[in-house]
>>> print(open('query36.pdb').read())   # PDB, C-alpha atoms, pLDDT in the B column
ATOM      1  CA  MET S 190      21.572  12.303 -46.902  1.00 35.00           C
ATOM      2  CA  THR S 191      19.617  15.440 -46.072  1.00 41.00           C
ATOM      3  CA  ALA S 192      16.125  14.750 -44.744  1.00 43.00           C
ATOM      4  CA  SER S 193      13.273  15.914 -46.950  1.00 41.00           C
ATOM      5  CA  LEU S 194      10.590  18.264 -45.683  1.00 45.00           C
ATOM      6  CA  PHE S 195       8.320  15.306 -44.968  1.00 52.00           C
ATOM      7  CA  ASP S 196      10.992  13.432 -43.010  1.00 81.00           C
ATOM      8  CA  LEU S 197      11.720  16.217 -40.546  1.00 91.00           C
ATOM      9  CA  PRO S 198      11.272  15.220 -36.895  1.00 94.00           C
ATOM     10  CA  LEU S 199       9.932  18.671 -36.020  1.00 93.00           C
ATOM     11  CA  GLY S 200       7.808  21.267 -37.781  1.00 93.00           C
ATOM     12  CA  LEU S 201       9.344  24.639 -38.577  1.00 93.00           C
ATOM     13  CA  GLY S 202       6.289  26.424 -37.193  1.00 93.00           C
ATOM     14  CA  ASP S 203       6.620  24.720 -33.806  1.00 94.00           C
ATOM     15  CA  ALA S 204      10.366  25.326 -33.680  1.00 94.00           C
ATOM     16  CA  ALA S 205       9.939  29.008 -34.597  1.00 93.00           C
ATOM     17  CA  LEU S 206       7.297  29.557 -31.878  1.00 93.00           C
ATOM     18  CA  LEU S 207       9.687  28.017 -29.363  1.00 94.00           C
ATOM     19  CA  ALA S 208      12.740  29.944 -30.568  1.00 92.00           C
ATOM     20  CA  ASP S 209      10.908  33.269 -30.441  1.00 91.00           C
ATOM     21  CA  VAL S 210      10.563  32.921 -26.682  1.00 91.00           C
ATOM     22  CA  LEU S 211      13.841  31.160 -25.951  1.00 90.00           C
ATOM     23  CA  LEU S 212      16.100  33.658 -27.696  1.00 88.00           C
ATOM     24  CA  ASP S 213      14.215  36.479 -26.003  1.00 87.00           C
ATOM     25  CA  VAL S 214      14.206  35.219 -22.402  1.00 85.00           C
ATOM     26  CA  CYS S 215      17.780  33.875 -22.464  1.00 82.00           C
ATOM     27  CA  GLY S 216      19.125  37.420 -22.381  1.00 73.00           C
ATOM     28  CA  ALA S 217      22.498  38.637 -23.515  1.00 73.00           C
ATOM     29  CA  PRO S 218      25.323  36.077 -23.615  1.00 73.00           C
ATOM     30  CA  PRO S 219      27.587  34.872 -22.140  1.00 77.00           C
ATOM     31  CA  LYS S 220      25.845  34.809 -18.745  1.00 83.00           C
ATOM     32  CA  PRO S 221      24.459  31.384 -17.723  1.00 86.00           C
ATOM     33  CA  ILE S 222      20.729  30.922 -18.124  1.00 92.00           C
ATOM     34  CA  THR S 223      18.960  31.129 -14.767  1.00 92.00           C
ATOM     35  CA  ASP S 224      15.930  29.302 -13.398  1.00 93.00           C
ATOM     36  CA  ASP S 225      14.069  32.622 -13.400  1.00 93.00           C
ATOM     37  CA  GLN S 226      14.612  32.836 -17.155  1.00 93.00           C
ATOM     38  CA  ARG S 227      13.450  29.240 -17.617  1.00 94.00           C
ATOM     39  CA  ASN S 228      10.356  29.995 -15.555  1.00 94.00           C
ATOM     40  CA  ARG S 229       9.638  33.028 -17.737  1.00 93.00           C
ATOM     41  CA  ALA S 230       9.807  30.788 -20.785  1.00 94.00           C
ATOM     42  CA  VAL S 231       7.342  28.392 -19.160  1.00 94.00           C
ATOM     43  CA  SER S 232       4.998  31.276 -18.376  1.00 94.00           C
ATOM     44  CA  ARG S 233       5.162  32.767 -21.863  1.00 93.00           C
ATOM     45  CA  LEU S 234       4.640  29.436 -23.599  1.00 93.00           C
ATOM     46  CA  GLY S 235       1.916  28.273 -21.230  1.00 88.00           C
ATOM     47  CA  GLY S 236      -0.885  29.215 -23.623  1.00 83.00           C
ATOM     48  CA  VAL S 237       0.858  28.208 -26.848  1.00 88.00           C
ATOM     49  CA  SER S 238      -0.568  25.254 -28.789  1.00 88.00           C
ATOM     50  CA  PHE S 239       2.156  23.294 -30.546  1.00 91.00           C
ATOM     51  CA  ASN S 240       1.392  21.003 -33.452  1.00 90.00           C
ATOM     52  CA  GLY S 241       3.356  17.844 -32.747  1.00 88.00           C
ATOM     53  CA  MET S 242       5.933  19.115 -30.250  1.00 95.00           C
ATOM     54  CA  ARG S 243       6.245  19.029 -26.466  1.00 95.00           C
ATOM     55  CA  PRO S 244       9.089  21.121 -24.989  1.00 96.00           C
ATOM     56  CA  HIS S 245      10.870  20.354 -21.713  1.00 96.00           C
ATOM     57  CA  LEU S 246      11.746  23.926 -20.789  1.00 96.00           C
ATOM     58  CA  ALA S 247      13.555  23.075 -17.544  1.00 96.00           C
ATOM     59  CA  SER S 248      16.334  21.639 -19.744  1.00 97.00           C
ATOM     60  CA  LEU S 249      17.098  25.006 -21.397  1.00 96.00           C
ATOM     61  CA  GLU S 250      20.856  25.664 -21.636  1.00 96.00           C
ATOM     62  CA  ARG S 251      23.163  28.041 -23.469  1.00 94.00           C
ATOM     63  CA  ASP S 252      25.608  26.712 -26.050  1.00 93.00           C
ATOM     64  CA  PRO S 253      28.996  26.855 -24.259  1.00 92.00           C
ATOM     65  CA  VAL S 254      30.918  27.435 -27.509  1.00 91.00           C
ATOM     66  CA  HIS S 255      28.533  29.859 -29.232  1.00 91.00           C
ATOM     67  CA  PRO S 256      26.633  31.511 -26.349  1.00 90.00           C
ATOM     68  CA  ALA S 257      24.171  33.355 -28.595  1.00 90.00           C
ATOM     69  CA  ALA S 258      22.611  29.925 -29.256  1.00 92.00           C
ATOM     70  CA  CYS S 259      20.640  27.778 -26.852  1.00 94.00           C
ATOM     71  CA  TYR S 260      19.466  24.167 -26.515  1.00 96.00           C
ATOM     72  CA  VAL S 261      16.283  22.677 -25.132  1.00 97.00           C
ATOM     73  CA  CYS S 262      14.925  19.111 -25.033  1.00 97.00           C
ATOM     74  CA  VAL S 263      11.654  18.464 -26.846  1.00 97.00           C
ATOM     75  CA  ASP S 264       9.534  15.536 -27.955  1.00 97.00           C
ATOM     76  CA  GLY S 265       8.933  15.924 -31.679  1.00 95.00           C
ATOM     77  CA  VAL S 266       6.929  14.040 -34.284  1.00 93.00           C
ATOM     78  CA  ASP S 267       5.806  10.642 -32.946  1.00 93.00           C
ATOM     79  CA  ASP S 268       7.272  11.611 -29.541  1.00 94.00           C
ATOM     80  CA  GLN S 269      10.844  11.403 -30.860  1.00 96.00           C
ATOM     81  CA  PRO S 270      13.212  12.810 -28.194  1.00 97.00           C
ATOM     82  CA  LEU S 271      15.272  15.673 -29.599  1.00 97.00           C
ATOM     83  CA  LEU S 272      17.490  18.586 -28.758  1.00 97.00           C
ATOM     84  CA  VAL S 273      16.481  21.803 -30.477  1.00 97.00           C
ATOM     85  CA  ARG S 274      19.215  24.345 -31.129  1.00 96.00           C
ATOM     86  CA  ALA S 275      18.013  27.888 -31.774  1.00 94.00           C
ATOM     87  CA  ALA S 276      20.612  30.402 -32.922  1.00 93.00           C
ATOM     88  CA  PRO S 277      20.920  33.720 -34.756  1.00 92.00           C
ATOM     89  CA  ALA S 278      21.697  33.117 -38.415  1.00 92.00           C
ATOM     90  CA  THR S 279      25.162  34.638 -37.919  1.00 91.00           C
ATOM     91  CA  THR S 280      26.104  32.002 -35.334  1.00 90.00           C
ATOM     92  CA  PRO S 281      28.273  29.072 -36.529  1.00 89.00           C
ATOM     93  CA  SER S 282      26.805  25.575 -36.389  1.00 88.00           C
ATOM     94  CA  SER S 283      27.437  23.418 -33.341  1.00 86.00           C
ATOM     95  CA  GLY S 284      30.669  21.469 -33.111  1.00 88.00           C
ATOM     96  CA  LEU S 285      29.360  19.576 -30.085  1.00 93.00           C
ATOM     97  CA  PHE S 286      26.563  17.881 -32.016  1.00 94.00           C
ATOM     98  CA  PRO S 287      27.616  17.362 -35.646  1.00 89.00           C
ATOM     99  CA  LYS S 288      25.165  16.217 -38.315  1.00 88.00           C
ATOM    100  CA  ALA S 289      22.277  18.121 -36.764  1.00 94.00           C
ATOM    101  CA  ILE S 290      19.094  18.155 -38.835  1.00 95.00           C
ATOM    102  CA  LEU S 291      18.279  21.547 -40.314  1.00 95.00           C
ATOM    103  CA  ILE S 292      14.666  22.393 -39.523  1.00 96.00           C
ATOM    104  CA  GLY S 293      14.902  25.721 -41.282  1.00 94.00           C
ATOM    105  CA  ARG S 294      15.910  29.370 -41.375  1.00 94.00           C
ATOM    106  CA  THR S 295      13.245  31.924 -40.599  1.00 93.00           C
ATOM    107  CA  HIS S 296      12.738  35.516 -39.533  1.00 91.00           C
ATOM    108  CA  ILE S 297      11.359  36.170 -36.065  1.00 87.00           C
ATOM    109  CA  GLY S 298      10.650  39.853 -35.934  1.00 82.00           C
ATOM    110  CA  SER S 299      13.830  41.521 -37.127  1.00 85.00           C
ATOM    111  CA  ARG S 300      15.977  38.491 -36.339  1.00 87.00           C
ATOM    112  CA  GLU S 301      16.912  35.739 -38.740  1.00 93.00           C
ATOM    113  CA  VAL S 302      17.372  32.474 -36.862  1.00 94.00           C
ATOM    114  CA  VAL S 303      18.528  28.967 -37.715  1.00 95.00           C
ATOM    115  CA  LEU S 304      16.757  26.006 -36.110  1.00 96.00           C
ATOM    116  CA  ASN S 305      18.295  22.544 -35.866  1.00 96.00           C
ATOM    117  CA  ALA S 306      17.132  19.299 -34.292  1.00 97.00           C
ATOM    118  CA  ILE S 307      19.471  16.682 -32.846  1.00 97.00           C
ATOM    119  CA  PRO S 308      18.286  13.139 -32.044  1.00 97.00           C
ATOM    120  CA  PHE S 309      18.577  12.767 -28.280  1.00 98.00           C
ATOM    121  CA  GLY S 310      17.218   9.410 -27.197  1.00 96.00           C
ATOM    122  CA  LEU S 311      18.540   6.769 -24.859  1.00 95.00           C
ATOM    123  CA  GLY S 312      20.642   5.256 -27.624  1.00 94.00           C
ATOM    124  CA  ASP S 313      22.408   8.548 -28.364  1.00 96.00           C
ATOM    125  CA  ARG S 314      25.049   7.956 -25.723  1.00 94.00           C
ATOM    126  CA  GLU S 315      27.775  10.145 -27.232  1.00 94.00           C
ATOM    127  CA  ARG S 316      25.354  13.080 -27.253  1.00 96.00           C
ATOM    128  CA  ILE S 317      24.287  12.416 -23.659  1.00 96.00           C
ATOM    129  CA  VAL S 318      27.959  12.438 -22.649  1.00 93.00           C
ATOM    130  CA  ALA S 319      28.609  15.633 -24.629  1.00 95.00           C
ATOM    131  CA  PHE S 320      25.651  17.421 -23.050  1.00 97.00           C
ATOM    132  CA  SER S 321      26.494  16.366 -19.483  1.00 95.00           C
ATOM    133  CA  GLU S 322      30.235  17.032 -19.813  1.00 92.00           C
ATOM    134  CA  GLN S 323      30.399  20.085 -22.078  1.00 94.00           C
ATOM    135  CA  VAL S 324      27.042  21.890 -22.020  1.00 96.00           C
ATOM    136  CA  ASN S 325      26.481  21.640 -18.250  1.00 96.00           C
ATOM    137  CA  LYS S 326      28.388  19.358 -15.888  1.00 94.00           C
ATOM    138  CA  ALA S 327      25.680  19.780 -13.231  1.00 95.00           C
ATOM    139  CA  TYR S 328      23.845  16.858 -14.836  1.00 96.00           C
ATOM    140  CA  GLN S 329      26.580  14.408 -13.888  1.00 93.00           C
ATOM    141  CA  PRO S 330      26.180  12.255 -10.757  1.00 91.00           C
ATOM    142  CA  LYS S 331      28.039  13.362  -7.634  1.00 89.00           C
ATOM    143  CA  GLN S 332      29.207  11.704  -4.462  1.00 84.00           C
ATOM    144  CA  ALA S 333      26.569  11.792  -1.743  1.00 81.00           C
ATOM    145  CA  GLY S 334      29.068  12.642   0.973  1.00 76.00           C
ATOM    146  CA  SER S 335      27.418  12.835   4.373  1.00 79.00           C
ATOM    147  CA  ARG S 336      23.940  13.828   3.226  1.00 82.00           C
ATOM    148  CA  PRO S 337      21.092  11.331   3.762  1.00 89.00           C
ATOM    149  CA  VAL S 338      19.630  10.061   0.518  1.00 92.00           C
ATOM    150  CA  ILE S 339      16.552   8.255  -0.752  1.00 94.00           C
ATOM    151  CA  GLU S 340      17.746   5.533  -3.092  1.00 94.00           C
ATOM    152  CA  VAL S 341      15.320   4.899  -5.949  1.00 96.00           C
ATOM    153  CA  ARG S 342      15.448   1.761  -8.078  1.00 96.00           C
ATOM    154  CA  SER S 343      13.464   0.857 -11.171  1.00 96.00           C
ATOM    155  CA  THR S 344      13.612  -1.679 -13.970  1.00 92.00           C
ATOM    156  CA  ALA S 345      12.338   1.068 -16.323  1.00 95.00           C
ATOM    157  CA  PRO S 346      14.458   4.092 -15.350  1.00 95.00           C
ATOM    158  CA  ALA S 347      13.867   6.090 -18.552  1.00 94.00           C
ATOM    159  CA  GLU S 348      10.128   5.846 -17.968  1.00 94.00           C
ATOM    160  CA  HIS S 349      10.120   6.438 -14.213  1.00 96.00           C
ATOM    161  CA  PHE S 350      13.083   8.664 -13.332  1.00 96.00           C
ATOM    162  CA  PRO S 351      11.786  11.906 -14.937  1.00 94.00           C
ATOM    163  CA  LEU S 352       8.793  11.582 -12.581  1.00 95.00           C
ATOM    164  CA  VAL S 353      11.104  10.746  -9.680  1.00 97.00           C
ATOM    165  CA  PHE S 354      13.130  13.906 -10.324  1.00 96.00           C
ATOM    166  CA  ALA S 355       9.863  15.871 -10.121  1.00 94.00           C
ATOM    167  CA  SER S 356       9.251  14.356  -6.675  1.00 95.00           C
ATOM    168  CA  PHE S 357      12.795  15.148  -5.558  1.00 96.00           C
ATOM    169  CA  ARG S 358      12.240  18.748  -6.718  1.00 95.00           C
ATOM    170  CA  ARG S 359       9.100  19.043  -4.602  1.00 95.00           C
ATOM    171  CA  MET S 360      11.006  17.657  -1.604  1.00 94.00           C
ATOM    172  CA  LEU S 361      13.847  20.107  -2.155  1.00 95.00           C
ATOM    173  CA  LYS S 362      11.448  23.059  -2.283  1.00 94.00           C
ATOM    174  CA  SER S 363       9.557  21.999   0.827  1.00 94.00           C
ATOM    175  CA  SER S 364      12.462  20.866   3.019  1.00 93.00           C
ATOM    176  CA  GLY S 365      15.570  22.441   1.513  1.00 94.00           C
ATOM    177  CA  LEU S 366      17.153  18.966   1.416  1.00 92.00           C
ATOM    178  CA  ASN S 367      18.501  17.271  -1.687  1.00 94.00           C
ATOM    179  CA  GLN S 368      18.015  13.532  -1.095  1.00 94.00           C
ATOM    180  CA  ALA S 369      18.338  12.370  -4.707  1.00 95.00           C
ATOM    181  CA  ALA S 370      20.020   9.011  -5.290  1.00 94.00           C
ATOM    182  CA  PHE S 371      19.451   6.114  -7.664  1.00 95.00           C
ATOM    183  CA  GLY S 372      20.486   2.483  -7.405  1.00 92.00           C
ATOM    184  CA  VAL S 373      21.106  -0.256  -9.926  1.00 90.00           C
ATOM    185  CA  SER S 374      18.549  -3.058  -9.616  1.00 88.00           C
ATOM    186  CA  GLU S 375      19.678  -6.670  -9.498  1.00 86.00           C
ATOM    187  CA  GLY S 376      20.454  -7.920 -12.991  1.00 87.00           C
ATOM    188  CA  GLN S 377      20.252  -4.432 -14.518  1.00 89.00           C
ATOM    189  CA  ASP S 378      22.877  -3.377 -17.043  1.00 89.00           C
ATOM    190  CA  PRO S 379      24.856  -0.622 -15.284  1.00 88.00           C
ATOM    191  CA  ALA S 380      25.659   1.262 -18.495  1.00 89.00           C
ATOM    192  CA  GLU S 381      22.014   1.337 -19.643  1.00 92.00           C
ATOM    193  CA  PHE S 382      21.008   2.445 -16.143  1.00 92.00           C
ATOM    194  CA  TYR S 383      23.635   5.196 -16.120  1.00 92.00           C
ATOM    195  CA  PHE S 384      22.634   6.725 -19.444  1.00 94.00           C
ATOM    196  CA  ALA S 385      18.922   6.483 -18.655  1.00 96.00           C
ATOM    197  CA  THR S 386      19.493   8.344 -15.393  1.00 96.00           C
ATOM    198  CA  VAL S 387      21.618  11.134 -16.890  1.00 96.00           C
ATOM    199  CA  TRP S 388      19.198  11.470 -19.835  1.00 97.00           C
ATOM    200  CA  SER S 389      16.301  11.783 -17.387  1.00 97.00           C
ATOM    201  CA  ALA S 390      18.158  14.417 -15.348  1.00 98.00           C
ATOM    202  CA  ILE S 391      18.832  16.500 -18.475  1.00 98.00           C
ATOM    203  CA  ARG S 392      15.230  16.379 -19.668  1.00 97.00           C
ATOM    204  CA  ALA S 393      13.982  17.163 -16.152  1.00 96.00           C
ATOM    205  CA  GLY S 394      16.456  20.031 -15.762  1.00 97.00           C
ATOM    206  CA  TRP S 395      17.825  18.566 -12.497  1.00 97.00           C
ATOM    207  CA  ARG S 396      21.103  20.378 -11.777  1.00 97.00           C
ATOM    208  CA  GLU S 397      21.089  19.988  -7.990  1.00 95.00           C
ATOM    209  CA  GLY S 398      23.150  16.793  -7.934  1.00 93.00           C
ATOM    210  CA  TYR S 399      22.329  13.147  -7.352  1.00 94.00           C
ATOM    211  CA  ALA S 400      24.246  10.059  -6.293  1.00 92.00           C
ATOM    212  CA  LEU S 401      24.381   6.697  -8.059  1.00 90.00           C
ATOM    213  CA  ARG S 402      24.755   3.455  -6.173  1.00 85.00           C
ATOM    214  CA  GLY S 403      26.073   0.534  -8.100  1.00 79.00           C
ATOM    215  CA  PRO S 404      28.895  -1.909  -8.705  1.00 69.00           C
ATOM    216  CA  ALA S 405      31.831   0.402  -7.986  1.00 63.00           C
ATOM    217  CA  PRO S 406      34.521   0.608  -9.244  1.00 62.00           C
ATOM    218  CA  LEU S 407      32.819  -0.182 -12.567  1.00 64.00           C
ATOM    219  CA  THR S 408      33.879   1.915 -15.546  1.00 69.00           C
ATOM    220  CA  ILE S 409      31.652   2.743 -18.510  1.00 75.00           C
ATOM    221  CA  PRO S 410      33.110   3.172 -22.016  1.00 72.00           C
ATOM    222  CA  GLY S 411      33.095   6.805 -23.079  1.00 71.00           C
ATOM    223  CA  LEU S 412      33.259   8.196 -19.546  1.00 76.00           C
ATOM    224  CA  LYS S 413      36.373   9.721 -18.029  1.00 70.00           C
ATOM    225  CA  ARG S 414      35.354   8.874 -14.480  1.00 71.00           C
ATOM    226  CA  ARG S 415      33.743   6.153 -12.438  1.00 71.00           C
ATOM    227  CA  PRO S 416      30.126   7.186 -11.910  1.00 76.00           C
ATOM    228  CA  PHE S 417      29.019   4.828  -9.141  1.00 72.00           C
ATOM    229  CA  GLU S 418      29.669   4.819  -5.432  1.00 69.00           C
ATOM    230  CA  SER S 419      29.141   1.657  -3.441  1.00 60.00           C
ATOM    231  CA  ASP S 420      28.368   3.092  -0.016  1.00 63.00           C
ATOM    232  CA  PRO S 421      26.780   6.536   0.458  1.00 55.00           C
ATOM    233  CA  ALA S 422      27.069   7.620   4.087  1.00 59.00           C
ATOM    234  CA  VAL S 423      23.355   7.464   4.902  1.00 81.00           C
ATOM    235  CA  VAL S 424      20.507   5.807   2.988  1.00 87.00           C
ATOM    236  CA  ALA S 425      17.351   7.071   4.653  1.00 87.00           C
ATOM    237  CA  ARG S 426      15.191   4.637   2.702  1.00 91.00           C
ATOM    238  CA  VAL S 427      15.020   2.628  -0.524  1.00 94.00           C
ATOM    239  CA  VAL S 428      12.144   3.025  -2.990  1.00 96.00           C
ATOM    240  CA  ASP S 429      11.554   0.254  -5.537  1.00 96.00           C
ATOM    241  CA  ILE S 430       9.234   1.376  -8.336  1.00 96.00           C
ATOM    242  CA  PRO S 431       7.263  -1.471  -9.913  1.00 93.00           C
ATOM    243  CA  GLY S 432       6.865  -1.791 -13.662  1.00 89.00           C
ATOM    244  CA  GLY S 433       3.897   0.094 -15.067  1.00 90.00           C
ATOM    245  CA  ALA S 434       3.669   2.469 -12.092  1.00 93.00           C
ATOM    246  CA  SER S 435       1.666   5.616 -12.820  1.00 93.00           C
ATOM    247  CA  ALA S 436       2.754   9.172 -12.032  1.00 92.00           C
ATOM    248  CA  ARG S 437       0.398   9.233  -9.042  1.00 94.00           C
ATOM    249  CA  GLU S 438       1.724   5.897  -7.747  1.00 95.00           C
ATOM    250  CA  ILE S 439       5.322   7.103  -8.079  1.00 94.00           C
ATOM    251  CA  ALA S 440       4.516  10.326  -6.215  1.00 93.00           C
ATOM    252  CA  ASP S 441       2.865   8.279  -3.426  1.00 94.00           C
ATOM    253  CA  LEU S 442       5.893   5.976  -3.157  1.00 95.00           C
ATOM    254  CA  MET S 443       8.215   8.974  -2.912  1.00 93.00           C
ATOM    255  CA  GLU S 444       6.280  10.695  -0.087  1.00 86.00           C
TER     256      GLU S 444
END
>>> encode(input="query36.pdb", output="structure tokens")
Amino acid sequence: MTASLFDLPLGLGDAALLADVLLDVCGAPPKPITDDQRNRAVSRLGGVSFNGMRPHLASLERDPVHPAACYVCVDGVDDQPLLVRAAPATTPSSGLFPKAILIGRTHIGSREVVLNAIPFGLGDRERIVAFSEQVNKAYQPKQAGSRPVIEVRSTAPAEHFPLVFASFRRMLKSSGLNQAAFGVSEGQDPAEFYFATVWSAIRAGWREGYALRGPAPLTIPGLKRRPFESDPAVVARVVDIPGGASAREIADLME
């Protein structure tokens, strides 16, 4: 069933404001989108007031099949987590994310664009896998190797890990060291933990790599590889984030 105008998870006006900037700053395909381009999008949208939408511009990626189109994570109506796909009207629909919700077709300047929304919450595991394996593999966990890591654990990873990635980004900028690692807490479902972590990395735009510590050699349905390692070479320290921790408390724990 096609959603009616009143059921749409995102307003056409918000999506069009976003697409106007995204399709402009992304540049000519098929070159990968750079952090400089993402930062330009942040700068240009800094003064824009959206009506019921919050974009996560660090997540901006080009469609690998139809590179004239791009994706970005947003929170839509009632904070529903979504992927927005903005594309010229001549671009075919996405084969990676079928059954996308049509937000609308509109003209932006001389361009006619098509705007779609794709549900992208924690329960949308097939879409999380598709994004991390086909849109950009940089969001997948990696082996720590010999680098020292800070292992972060939380019983509410979807709530806390986007803030943790922000702390890891500050550390990376100040020290040049990537110490990102996450561990499964006792009694935590490894599959739920895995998808919450990858989902958080995508929304945070963290492409620098991170390790996962858990019950190796566990396999997760839908994945072609084993995501966890049982013994990174060096764990500099372990950070346990308590339930209900605020952004300030998480930043203090990470320092």
>>> closest_residue(input="query36.pdb", among="S:Pro379, S:Pro337, S:Pro308, S:Gly411", to="S:Val427", atoms="all atoms listed in the file")
S:Pro337
>>> closest_residue(input="query36.pdb", among="S:Gly202, S:Pro256, S:Gly398, S:Pro218", to="S:Lys331", atoms="all atoms listed in the file")
S:Gly398
>>> atom_distance(input="query36.pdb", atom1="atom CA of S:Gly403", atom2="atom CA of S:Glu322")
20.7 Å
>>> resolve_selection(input="query36.pdb", expression="the PyMOL selection byres ((chain S and resi 272) around 6)", output="list in words")
Val261, Cys262, Leu271, Val273, Ala306, Ile307 and Phe309 of chain S
>>> closest_residue(input="query36.pdb", among="S:Arg274, S:Val231, S:Val353, S:Ala440", to="S:Ile290", atoms="only C-alpha atoms")
S:Arg274
>>> closest_residue(input="query36.pdb", among="S:Val324, S:Val387, S:Cys215, S:Ala380", to="S:Ile409", atoms="only C-alpha atoms")
S:Ala380
>>> atom_distance(input="query36.pdb", atom1="atom CA of S:Ser238", atom2="atom CA of S:Asp313")
28.4 Å
>>> residues_near_point(input="query36.pdb", point="(13.6, 29.7, -14.3)", cutoff="12 Å", atoms="all atoms listed in the file", output="PyMOL selection string")
chain S and resi 211+214-215+221-233+246-250+394
>>> write_last_selection(input="query36.pdb", atoms="C-alpha atoms", output="mmCIF file, in the coordinates of the input")
data_model
loop_
_atom_site.group_PDB
_atom_site.id
_atom_site.type_symbol
_atom_site.label_atom_id
_atom_site.label_comp_id
_atom_site.auth_asym_id
_atom_site.auth_seq_id
_atom_site.Cartn_x
_atom_site.Cartn_y
_atom_site.Cartn_z
ATOM 1 C CA LEU S 211 13.841 31.160 -25.951
ATOM 2 C CA VAL S 214 14.206 35.219 -22.402
ATOM 3 C CA CYS S 215 17.780 33.875 -22.464
ATOM 4 C CA PRO S 221 24.459 31.384 -17.723
ATOM 5 C CA ILE S 222 20.729 30.922 -18.124
ATOM 6 C CA THR S 223 18.960 31.129 -14.767
ATOM 7 C CA ASP S 224 15.930 29.302 -13.398
ATOM 8 C CA ASP S 225 14.069 32.622 -13.400
ATOM 9 C CA GLN S 226 14.612 32.836 -17.155
ATOM 10 C CA ARG S 227 13.450 29.240 -17.617
ATOM 11 C CA ASN S 228 10.356 29.995 -15.555
ATOM 12 C CA ARG S 229 9.638 33.028 -17.737
ATOM 13 C CA ALA S 230 9.807 30.788 -20.785
ATOM 14 C CA VAL S 231 7.342 28.392 -19.160
ATOM 15 C CA SER S 232 4.998 31.276 -18.376
ATOM 16 C CA ARG S 233 5.162 32.767 -21.863
ATOM 17 C CA LEU S 246 11.746 23.926 -20.789
ATOM 18 C CA ALA S 247 13.555 23.075 -17.544
ATOM 19 C CA SER S 248 16.334 21.639 -19.744
ATOM 20 C CA LEU S 249 17.098 25.006 -21.397
ATOM 21 C CA GLU S 250 20.856 25.664 -21.636
ATOM 22 C CA GLY S 394 16.456 20.031 -15.762
#
>>> residues_around(input="query36.pdb", residues="S:Ala355", least_positions_apart="3", cutoff="10 Å", atoms="all atoms listed in the file", output="PyMOL selection string")
chain S and resi 350-352+358-361+390+393-395+436+440
>>> resolve_selection(input="query36.pdb", expression="the PyMOL selection byres ((chain S and resi 285) around 10)", output="short mmCIF file (atom, residue, chain, number, x, y, z; two decimals) with C-alpha atoms, in the frame of the given file")
data_model
loop_
_atom_site.label_atom_id
_atom_site.label_comp_id
_atom_site.auth_asym_id
_atom_site.auth_seq_id
_atom_site.Cartn_x
_atom_site.Cartn_y
_atom_site.Cartn_z
CA ASP S 252 25.61 26.71 -26.05
CA PRO S 253 29.00 26.86 -24.26
CA VAL S 254 30.92 27.44 -27.51
CA SER S 282 26.80 25.58 -36.39
CA SER S 283 27.44 23.42 -33.34
CA GLY S 284 30.67 21.47 -33.11
CA PHE S 286 26.56 17.88 -32.02
CA PRO S 287 27.62 17.36 -35.65
CA LYS S 288 25.16 16.22 -38.32
CA ALA S 289 22.28 18.12 -36.76
CA GLU S 315 27.78 10.14 -27.23
CA ARG S 316 25.35 13.08 -27.25
CA ALA S 319 28.61 15.63 -24.63
CA PHE S 320 25.65 17.42 -23.05
CA GLN S 323 30.40 20.08 -22.08
CA VAL S 324 27.04 21.89 -22.02
#
>>> residues_around(input="query36.pdb", residues="S:Ile292", least_positions_apart="2", cutoff="7 Å", atoms="all atoms listed in the file", output="ChimeraX atom specification")
/S:197,199,201,290,304-306
>>> write_last_selection(input="query36.pdb", atoms="C-alpha atoms", output="PDB file, keeping the file's coordinate frame")
ATOM      1  CA  LEU S 197      11.720  16.217 -40.546  1.00 91.00           C
ATOM      2  CA  LEU S 199       9.932  18.671 -36.020  1.00 93.00           C
ATOM      3  CA  LEU S 201       9.344  24.639 -38.577  1.00 93.00           C
ATOM      4  CA  ILE S 290      19.094  18.155 -38.835  1.00 95.00           C
ATOM      5  CA  LEU S 304      16.757  26.006 -36.110  1.00 96.00           C
ATOM      6  CA  ASN S 305      18.295  22.544 -35.866  1.00 96.00           C
ATOM      7  CA  ALA S 306      17.132  19.299 -34.292  1.00 97.00           C
TER       8      ALA S 306
END
>>> resolve_selection(input="query36.pdb", expression="the PyMOL selection byres ((chain S and resi 430-432) around 12)", output="short mmCIF file (atom, residue, chain, number, x, y, z; two decimals) with C-alpha atoms, in the frame of the given file")
data_model
loop_
_atom_site.label_atom_id
_atom_site.label_comp_id
_atom_site.auth_asym_id
_atom_site.auth_seq_id
_atom_site.Cartn_x
_atom_site.Cartn_y
_atom_site.Cartn_z
CA GLU S 340 17.75 5.53 -3.09
CA VAL S 341 15.32 4.90 -5.95
CA ARG S 342 15.45 1.76 -8.08
CA SER S 343 13.46 0.86 -11.17
CA THR S 344 13.61 -1.68 -13.97
CA ALA S 345 12.34 1.07 -16.32
CA PRO S 346 14.46 4.09 -15.35
CA ALA S 347 13.87 6.09 -18.55
CA GLU S 348 10.13 5.85 -17.97
CA HIS S 349 10.12 6.44 -14.21
CA PHE S 350 13.08 8.66 -13.33
CA LEU S 352 8.79 11.58 -12.58
CA VAL S 353 11.10 10.75 -9.68
CA PHE S 371 19.45 6.11 -7.66
CA GLY S 372 20.49 2.48 -7.40
CA SER S 374 18.55 -3.06 -9.62
CA VAL S 427 15.02 2.63 -0.52
CA VAL S 428 12.14 3.02 -2.99
CA ASP S 429 11.55 0.25 -5.54
CA GLY S 433 3.90 0.09 -15.07
CA ALA S 434 3.67 2.47 -12.09
CA SER S 435 1.67 5.62 -12.82
CA ALA S 436 2.75 9.17 -12.03
CA ARG S 437 0.40 9.23 -9.04
CA GLU S 438 1.72 5.90 -7.75
CA ILE S 439 5.32 7.10 -8.08
CA ALA S 440 4.52 10.33 -6.22
CA ASP S 441 2.86 8.28 -3.43
CA LEU S 442 5.89 5.98 -3.16
CA MET S 443 8.22 8.97 -2.91
#
